[in-house]
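A.B. asks: Have a look at this one before I ask anything.
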Amino acid sequence: MTQAALCDWQCNIPPQLNERETELLDTRVRAASFDALACSDMNYAAAGITFEQDGRFTKVKHSGFTVVSLMGRFSKGLLLQTLRRNLADSSREVAKLVFPRLRSDLQLPLGHVIGFDVAASVHQVEHRGSRRLTAYVFRPPGETSSGYYGELNIDLYSCQAQISLKEGERWGGGASLLSADSITLIADTYSELCSVIAETFNGAVGRASKRHLSV
C-alpha cells in the first residue's frame with residue numbers, strides 16, 4: 001500500500017482496535033470508497049461526498065469515513081485517481097490474505113490446481129471499477145482424472161463470496177457439486193470467509209469423491 005493510501009485508510013482507524021476489528025473497519029471504508037466513485041457521473045453532493053478541512057489537508061468523506069485525503073487545491077480528476085489507487089491498494093491487501101489461505105485450505109480434486117492473478121484482479125479494480133477478486137479451480141491440460149471446474153469470486157464491497165463448482169470443463173454443462181449453480185457465502189471478515197469457503201468447497205469435493213468411488 002502506498003504511503004498516501006495508507007494515510008487515507010489510517011485516518012479511519014481509532015486507537016486500540018484489534019486485528020479483527022481493523023479488518024471489519026477496512027471493509028466498511030472500502031465499501032464507502034466504491035460508493036464515492038459515483039462522483040465521476042454526478043456532483044459531489046449527489047454522490048454522498050462531503051469535505052472536512054484538517055490543517056493543510058482536505059478529508060474527502062463518504063458515509064462518515066475518510067476515503068481520500070488531499071493537500072491543497074485539487075480537481076475531481078485527481079480525487080478519482082487517488083480514490084481508485086487507494087481501492088487498488090486495499091484490494092491487493094485482501095488478495096494477499098485470501099489467495100494464500102485458499103491455496104492452503106482447499107482440498108483440491110486429484111489432478112487439479114487453483115489459479116489466480118493478483119495483478120490482473122487489482123488492475124480491474126483500479127481501471128474498470130471491478131469489485132471482486134477471482135480464483136479458478138481447474139484440471140490442467142493432459143490430466144486424465146475426473147474433471148471439475150470452479151470459480152471463487154471474492155466480493156470486495158462486502159465480505160462475501162460467490163462460488164461455483166461443477167463436473168466437467170469451464171464451458172461444459174456439467175452438474176453442480178453445490179446446492180445450486182452458484183451459492184453466496186457470507187462472513188464478518190475475510191479471514192473467516194476463507195474458512196467458510198474451505199468448509200463448503202471441501203465438503204462438496206468430498207461428497208463427489210465418495211460418489212465416484214461407489215460407482
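Letters for chains follow the order of the C-alpha cells (A, B, ...), residue numbers begin at 1 for each chain, and ligand numbers begin at 1 in the order shown.
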Could you give me, as an MDAnalysis selection string, the residues within 12 Å of Lys166 of chain A, counting only C-alpha atoms and dropping anything in the same chain fewer than 5 positions from it?

C.D. replies: chainID A and resid 109 136:139 146:151 171:182 201 204:205 208

A.B. asks: Generate the output file for the selected residues, C-alpha atoms, as an mmCIF file, in the first residue's frame.

C.D. replies:
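In the end it all went to again-v9.cif:
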```cif
data_model
loop_
_atom_site.group_PDB
_atom_site.id
_atom_site.type_symbol
_atom_site.label_atom_id
_atom_site.label_comp_id
_atom_site.auth_asym_id
_atom_site.auth_seq_id
_atom_site.Cartn_x
_atom_site.Cartn_y
_atom_site.Cartn_z
ATOM 1 C CA PRO A 109 -9.709 -32.843 -6.502
ATOM 2 C CA TYR A 136 -10.265 -20.652 -10.522
ATOM 3 C CA VAL A 137 -10.086 -24.375 -9.819
ATOM 4 C CA PHE A 138 -9.471 -26.496 -12.899
ATOM 5 C CA ARG A 139 -7.770 -29.547 -14.349
ATOM 6 C CA SER A 146 -12.262 -36.843 -13.469
ATOM 7 C CA GLY A 147 -12.563 -33.156 -14.258
ATOM 8 C CA TYR A 148 -14.141 -30.345 -12.266
ATOM 9 C CA TYR A 149 -14.279 -26.600 -12.729
ATOM 10 C CA GLY A 150 -14.816 -23.998 -10.025
ATOM 11 C CA GLU A 151 -14.853 -20.226 -9.647
ATOM 12 C CA TRP A 171 -17.692 -24.221 -20.879
ATOM 13 C CA GLY A 172 -19.424 -27.556 -20.392
ATOM 14 C CA GLY A 173 -22.817 -28.178 -18.861
ATOM 15 C CA GLY A 174 -21.780 -30.490 -16.054
ATOM 16 C CA ALA A 175 -23.806 -30.988 -12.900
ATOM 17 C CA SER A 176 -23.151 -28.632 -9.991
ATOM 18 C CA LEU A 177 -21.493 -30.097 -6.901
ATOM 19 C CA LEU A 178 -23.189 -27.439 -4.787
ATOM 20 C CA SER A 179 -26.831 -26.959 -3.840
ATOM 21 C CA ALA A 180 -27.235 -24.563 -6.791
ATOM 22 C CA ASP A 181 -25.217 -23.497 -9.831
ATOM 23 C CA SER A 182 -23.602 -20.880 -7.606
ATOM 24 C CA PHE A 201 -15.766 -26.413 -1.105
ATOM 25 C CA ALA A 204 -18.606 -30.725 -1.965
ATOM 26 C CA VAL A 205 -15.388 -32.308 -3.243
ATOM 27 C CA ALA A 208 -18.244 -36.082 -5.148
#
```

A.B. asks: What is the atom CA of Thr50 of chain A to atom CA of Val125 of chain A distance in Å?

C.D. replies: 23.3 Å

A.B. asks: Where in segment 22-207 of chain A does DSSP assign strand (DSSP E), given as a ChimeraX atom specification?

C.D. replies: /A:49-54,57-62,65-71,113-116,132-138,148-155,160-167,183-186

A.B. asks: DSSP says helix (DSSP H, G or I) for which residues of segment 40-163 of chain A? Put them as a ChimeraX atom specification?

C.D. replies: /A:40,76-105,118-128

A.B. asks: Taking 3 positions as the minimum chain separation for residues in the same chain, which residues sit within 8 Å of Asn153 of chain A when counting only C-alpha atoms? Answer as a VMD selection string.

C.D. replies: chain A and resid 132 to 135 161 to 163

A.B. asks: Could you name the residues that touch Asp54 of chain A at 10 Å or less, counting only C-alpha atoms, but leaving out those on the same chain fewer than 3 positions away, as a PyMOL selection string?

C.D. replies: chain A and resi 51+57-59+69-71

A.B. asks: Please determine, counting only C-alpha atoms, which residue among A:Ala45, A:Leu108, A:Ile183, A:Val118 has the shortest atom-to-atom distance to Asn202 of chain A.

C.D. replies: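 Nearest candidate to Asn202 of chain A out of A:Ala45, A:Leu108, A:Ile183, A:Val118: A:Leu108.
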
A.B. asks: Show which residues sit within 8 Å of Val67 of chain A, as a ChimeraX atom specification. Count only C-alpha atoms, and ignore same-chain residues fewer than 6 positions away.

C.D. replies: /A:8-9,29-30,32-33,36,59-61,83

A.B. asks: Neighbours of Phe99 of chain A within 10 Å (only C-alpha atoms; same-chain residues fewer than 4 positions away dropped), as a count of residues only?

C.D. replies: 15

A.B. asks: Work out how far apart atom CA of Asp89 of chain A and atom CA of His123 of chain A are and give it in Å to one decimal.

C.D. replies: 10.2 Å
